[in-house]
Amino acid sequence: MKKTPFIILTAGLTFNLALAQKPKIILILADDMGFGDIGCYGGNFAPTPNVDQMAKEGIRFTKYYSASPICSPSRTGILTGMAPARWNITSYLQEKAGNLKCEQADFLSSSAPTMARILKTAGYVTGHFGKWHMGGGRDVTEAPGFEAYGFDEHSSTWESPDPDPLLTATNWIWSAKDSIKRWNRTAYFVDRTLDFLKRHNGQPCFVNLWPDDVHTPWVPSQERFGTYPRGPQEEASFRAVLDEYDRQMGRLFEGLKKLGIDENTLVIFASDNGPLPSFKGSRSGNYRGSKLSLYEGGIRMPFIVRWPGHIPAEKADHQSVLTANDLLPSLCALADAKLPEGFTFDGKDKSRVLMGKPSNESRTLYWEYGRNNDSFVFPKERDRSPNLAVREGNWKFLINFDNTDAELYNLETDRNETTNLVSENPKMAEKLKKKLLLWRNSMPKITANSN
């Protein structure tokens with residue numbers, strides 16, 4: 001009996017040591033950043049030395065896909081590890097009337113599994129700093145709060161259940177009256193992230209760092225805008241905003257080093273969907289499509305993983321096919337967090353891939369954007385895709401739910417999706433069509449807004 005306090009103390013120390021050894025995790029999600037925006041992916045709009053340095057110190061992936069070509073469903077796919085259509089979110093969330101017209105919910109149900117809530121069961125403290133857009137804002141006042149999704153702390157923009165008053169002086173996305181000016185928002189979210197990590201040093205932390213740059217409107221400071229005086233003002237403004245965004249990523253990495261946690265922090269960098277405008281495809285890495293399109297330019301995203309001393313440096317993975325749905329099971333595996341039962345997760349545990357072991361696995365991936373022709377009329381002309389898509393191996397098939405506009409491409413030989421092979425390969429087209437429509441018909445349908 002006299003040894004009991006010692007046994008309890010030893011067990012407590014062992015438990016705390018185990019927690020301390022879990023990696024801190026920062027998930028950086030850029031807003032509307034295209035595959036070709038940053039230097040290490042071939043971009044030349046503005047120097048991006050800090051994101052490029054992240055790629056040099058880690059792994060740069062070239063076959064990573066978002067869950068959707070638009071913000072609300074793409075973020076839902078990351079947070080839940082599931083197809084966003086499973087939660088009746090297939091476009092951006094807006095006013096209730098608009099959501100109903102789009103045949104979607106008003107907000108992500110709090111019954112959905114979330115990365116933050118699962119990681120909390122493994123001892124993590126959790127923070128969300130940046131854009132949310134999975135419910136709240138406009139006339140949607142009953143969306144669940146951040147704590148319902150598992151976040152201990154938060155600071156977010158107007159399209160959220162609890163907007164930060166420093167960012168939302170008016171009832172809109174941004175305003176000149178905001179205390180934190182538009183060009184300082186990424187810096188503000190980086191500050192909040194570093195402060196959160198400082199206060200919880202010694203604990204495993206999970207942070208969503210989701211700035212709303214480089215989404216329009218591009219409002220740079222006069223200092224940064226003065227660096228790019230030539231060319232159309234729209235492009236000059238974008239270059240200045242991208243420049244500032246990269247500068248803040250440099251502040252983040254320098255801050256991790258100052259806190260002494262750089263080597264125990266896994267950082268992931270991605271974008272929610274493709275760019276708009278795409279500047280004639282240059283921001284999409286010259287892939288066909290843009291934001292709102294299921295062509296590659298709308299869903300193939302930059303994706304970088306950095307964890308000094310744990311994963312290889314200066315490596316590019318052109319082999320592994322990854323999706324945003326994979327992030328939840330993969331990060332939970334790395335954090336030794338058990339997935340909840342009773343859910344059909346669409347992502348797979350790709351933690352070995354994130355740690356530097358490429359995979360040749362042939363996967364079948366599905367996408368849906370929009371559920372009727374009335375609400376989904378963009379983008380125009382060549383970049384407008386059918387509203388359903390599937391990729392299996394090197395084949396990609398697209399079709400509208402009403403069985404029109406079937407398209408088949410071999411991405412190995414036709415990365416820009418220029419040659420429709422439906423007529424040349426009808427058996428493959430029919431095989432993928434059956435799979436895609438079967439998947440779409442398995443998704444829940446909504447006829448009235450109820451969460």
# chains A, B, ... in the order shown; residues from 1 in each chain; ligands from 1
>>> select_by_dssp(residues="stretch 361-392 of chain A", states="strand (DSSP E)", output="list in words")
Thr364, Leu365, Tyr366, Trp367, Glu368, Leu388, Ala389, Val390, Arg391 and Glu392 of chain A
>>> residues_around(residues="A:Ala236", least_positions_apart="5", cutoff="12 Å", atoms="only C-alpha atoms", output="ChimeraX atom specification")
/A:45-46,218-222,224-231,241-243,279
>>> select_by_dssp(residues="stretch 63-200 of chain A", states="helix (DSSP H, G or I)", output="number ranges by chain")
A: 71-80, 84-87, 96-101, 115-120, 146-149, 182-199
>>> write_last_selection(atoms="C-alpha atoms", output="JSON list (two decimals), in the first residue's frame")
[["chain", "number", "residue", "atom", "x", "y", "z"],
["A", 71, "CYS", "CA", -14.96, 26.11, -50.40],
["A", 72, "SER", "CA", -17.73, 24.77, -48.13],
["A", 73, "PRO", "CA", -17.72, 21.17, -49.38],
["A", 74, "SER", "CA", -13.93, 21.09, -49.78],
["A", 75, "ARG", "CA", -13.51, 22.10, -46.12],
["A", 76, "THR", "CA", -16.17, 19.62, -45.04],
["A", 77, "GLY", "CA", -14.22, 16.85, -46.76],
["A", 78, "ILE", "CA", -11.07, 17.76, -44.82],
["A", 79, "LEU", "CA", -12.76, 18.09, -41.44],
["A", 80, "THR", "CA", -14.83, 14.90, -41.66],
["A", 84, "PRO", "CA", -19.19, 16.34, -48.39],
["A", 85, "ALA", "CA", -22.30, 15.16, -50.22],
["A", 86, "ARG", "CA", -22.83, 12.71, -47.33],
["A", 87, "TRP", "CA", -23.63, 15.80, -45.25],
["A", 96, "LYS", "CA", -31.16, 29.78, -46.38],
["A", 97, "ALA", "CA", -33.15, 30.40, -49.56],
["A", 98, "GLY", "CA", -30.03, 29.93, -51.67],
["A", 99, "ASN", "CA", -29.08, 26.75, -49.84],
["A", 100, "LEU", "CA", -32.54, 25.32, -50.41],
["A", 101, "LYS", "CA", -32.35, 26.19, -54.11],
["A", 115, "MET", "CA", -10.69, 15.71, -36.98],
["A", 116, "ALA", "CA", -10.57, 18.04, -33.98],
["A", 117, "ARG", "CA", -13.00, 16.04, -31.88],
["A", 118, "ILE", "CA", -11.20, 12.77, -32.60],
["A", 119, "LEU", "CA", -7.78, 14.24, -31.79],
["A", 120, "LYS", "CA", -9.13, 15.56, -28.48],
["A", 146, "PHE", "CA", -16.90, 25.75, -32.83],
["A", 147, "GLU", "CA", -16.87, 23.77, -29.59],
["A", 148, "ALA", "CA", -19.52, 21.45, -31.05],
["A", 149, "TYR", "CA", -16.96, 20.38, -33.64],
["A", 182, "ARG", "CA", -7.73, 43.00, -44.97],
["A", 183, "TRP", "CA", -4.01, 42.91, -45.76],
["A", 184, "ASN", "CA", -3.15, 42.02, -42.15],
["A", 185, "ARG", "CA", -5.56, 39.11, -41.73],
["A", 186, "THR", "CA", -3.10, 36.33, -42.54],
["A", 187, "ALA", "CA", -0.64, 37.90, -40.08],
["A", 188, "TYR", "CA", -3.39, 38.00, -37.45],
["A", 189, "PHE", "CA", -4.18, 34.31, -37.88],
["A", 190, "VAL", "CA", -0.47, 33.41, -37.72],
["A", 191, "ASP", "CA", -0.21, 35.46, -34.49],
["A", 192, "ARG", "CA", -3.18, 33.62, -33.00],
["A", 193, "THR", "CA", -1.65, 30.28, -33.98],
["A", 194, "LEU", "CA", 1.74, 31.04, -32.42],
["A", 195, "ASP", "CA", 0.13, 32.39, -29.26],
["A", 196, "PHE", "CA", -1.98, 29.23, -28.96],
["A", 197, "LEU", "CA", 1.10, 27.03, -29.38],
["A", 198, "LYS", "CA", 3.09, 29.09, -26.86],
["A", 199, "ARG", "CA", 0.38, 28.80, -24.20]]
>>> residues_around(residues="A:Lys396", least_positions_apart="6", cutoff="6 Å", atoms="only C-alpha atoms", output="list in words")
Val390, Leu408 and Tyr409 of chain A
>>> write_last_selection(atoms="N, CA and C atoms", output="tab-separated table (two decimals), in the first residue's frame")
chain	number	residue	atom	x	y	z
A	390	VAL	N	-15.19	11.04	-61.73
A	390	VAL	CA	-14.54	9.91	-61.07
A	390	VAL	C	-13.16	9.75	-61.69
A	408	LEU	N	-14.39	11.38	-71.24
A	408	LEU	CA	-13.40	10.42	-70.74
A	408	LEU	C	-12.02	10.88	-71.16
A	409	TYR	N	-11.09	10.91	-70.18
A	409	TYR	CA	-9.73	11.35	-70.46
A	409	TYR	C	-8.73	10.39	-69.84
>>> residues_around(residues="A:Glu417", least_positions_apart="5", cutoff="10 Å", atoms="only C-alpha atoms", output="list in words")
Tyr287, Arg288, Gly289, Tyr295, Glu296, Lys396, Glu407, Leu408, Tyr409, Asn410 and Leu411 of chain A
>>> write_last_selection(atoms="N, CA and C atoms", output="PDB file, in the first residue's frame")
ATOM      1  N   TYR A 287      -3.389  23.455 -66.062  1.00  0.00           N
ATOM      2  CA  TYR A 287      -4.425  22.428 -66.146  1.00  0.00           C
ATOM      3  C   TYR A 287      -5.721  23.086 -66.593  1.00  0.00           C
ATOM      4  N   ARG A 288      -6.553  22.329 -67.263  1.00  0.00           N
ATOM      5  CA  ARG A 288      -7.859  22.836 -67.653  1.00  0.00           C
ATOM      6  C   ARG A 288      -8.726  23.029 -66.408  1.00  0.00           C
ATOM      7  N   GLY A 289      -9.498  24.108 -66.375  1.00  0.00           N
ATOM      8  CA  GLY A 289     -10.423  24.310 -65.279  1.00  0.00           C
ATOM      9  C   GLY A 289      -9.936  25.315 -64.259  1.00  0.00           C
ATOM     10  N   TYR A 295     -12.696  19.780 -63.704  1.00  0.00           N
ATOM     11  CA  TYR A 295     -11.453  19.506 -64.422  1.00  0.00           C
ATOM     12  C   TYR A 295     -10.291  19.690 -63.447  1.00  0.00           C
ATOM     13  N   GLU A 296      -9.114  19.224 -63.834  1.00  0.00           N
ATOM     14  CA  GLU A 296      -7.981  19.161 -62.913  1.00  0.00           C
ATOM     15  C   GLU A 296      -7.649  20.508 -62.267  1.00  0.00           C
ATOM     16  N   LYS A 396     -10.113   9.289 -66.149  1.00  0.00           N
ATOM     17  CA  LYS A 396     -11.030  10.220 -65.505  1.00  0.00           C
ATOM     18  C   LYS A 396     -12.267  10.365 -66.376  1.00  0.00           C
ATOM     19  N   GLU A 407     -17.668  12.567 -70.705  1.00  0.00           N
ATOM     20  CA  GLU A 407     -16.305  12.856 -71.140  1.00  0.00           C
ATOM     21  C   GLU A 407     -15.350  11.856 -70.483  1.00  0.00           C
ATOM     22  N   LEU A 408     -14.389  11.381 -71.242  1.00  0.00           N
ATOM     23  CA  LEU A 408     -13.405  10.417 -70.744  1.00  0.00           C
ATOM     24  C   LEU A 408     -12.016  10.877 -71.158  1.00  0.00           C
ATOM     25  N   TYR A 409     -11.092  10.908 -70.180  1.00  0.00           N
ATOM     26  CA  TYR A 409      -9.725  11.351 -70.456  1.00  0.00           C
ATOM     27  C   TYR A 409      -8.728  10.388 -69.836  1.00  0.00           C
ATOM     28  N   ASN A 410      -7.588  10.237 -70.507  1.00  0.00           N
ATOM     29  CA  ASN A 410      -6.461   9.497 -69.950  1.00  0.00           C
ATOM     30  C   ASN A 410      -5.464  10.529 -69.424  1.00  0.00           C
ATOM     31  N   LEU A 411      -5.399  10.671 -68.107  1.00  0.00           N
ATOM     32  CA  LEU A 411      -4.567  11.723 -67.515  1.00  0.00           C
ATOM     33  C   LEU A 411      -3.077  11.460 -67.681  1.00  0.00           C
TER      34      LEU A 411
END
>>> residues_around(residues="stretch 319-323 of chain A", least_positions_apart="3", cutoff="7 Å", atoms="only C-alpha atoms", output="tab-separated table (two decimals) with N, CA and C atoms, in the first residue's frame")
chain	number	residue	atom	x	y	z
A	63	LYS	N	-0.06	14.89	-56.91
A	63	LYS	CA	-1.33	14.23	-57.23
A	63	LYS	C	-2.25	14.24	-56.01
A	64	TYR	N	-2.43	15.42	-55.44
A	64	TYR	CA	-3.33	15.61	-54.31
A	64	TYR	C	-4.58	16.31	-54.81
A	65	TYR	N	-5.74	15.82	-54.38
A	65	TYR	CA	-7.02	16.37	-54.83
A	65	TYR	C	-7.84	16.90	-53.66
A	66	SER	N	-8.49	18.04	-53.89
A	66	SER	CA	-9.46	18.54	-52.93
A	66	SER	C	-10.74	17.72	-53.04
A	67	ALA	N	-11.62	17.86	-52.04
A	67	ALA	CA	-12.88	17.12	-52.04
A	67	ALA	C	-13.93	17.78	-52.92
A	326	ASP	N	-8.36	11.94	-47.08
A	326	ASP	CA	-7.34	11.11	-46.43
A	326	ASP	C	-6.74	11.78	-45.20
A	358	PRO	N	6.10	6.47	-50.95
A	358	PRO	CA	5.11	6.59	-52.02
A	358	PRO	C	4.31	5.31	-52.22
A	359	SER	N	3.11	5.47	-52.77
A	359	SER	CA	2.21	4.34	-52.99
A	359	SER	C	1.79	4.28	-54.45
A	360	ASN	N	1.76	3.06	-54.99
A	360	ASN	CA	1.29	2.84	-56.35
A	360	ASN	C	-0.18	2.45	-56.40
>>> closest_residue(among="A:Glu223, A:Asp178, A:Asp152, A:Glu368", to="A:Ser293", atoms="only C-alpha atoms")
A:Glu368
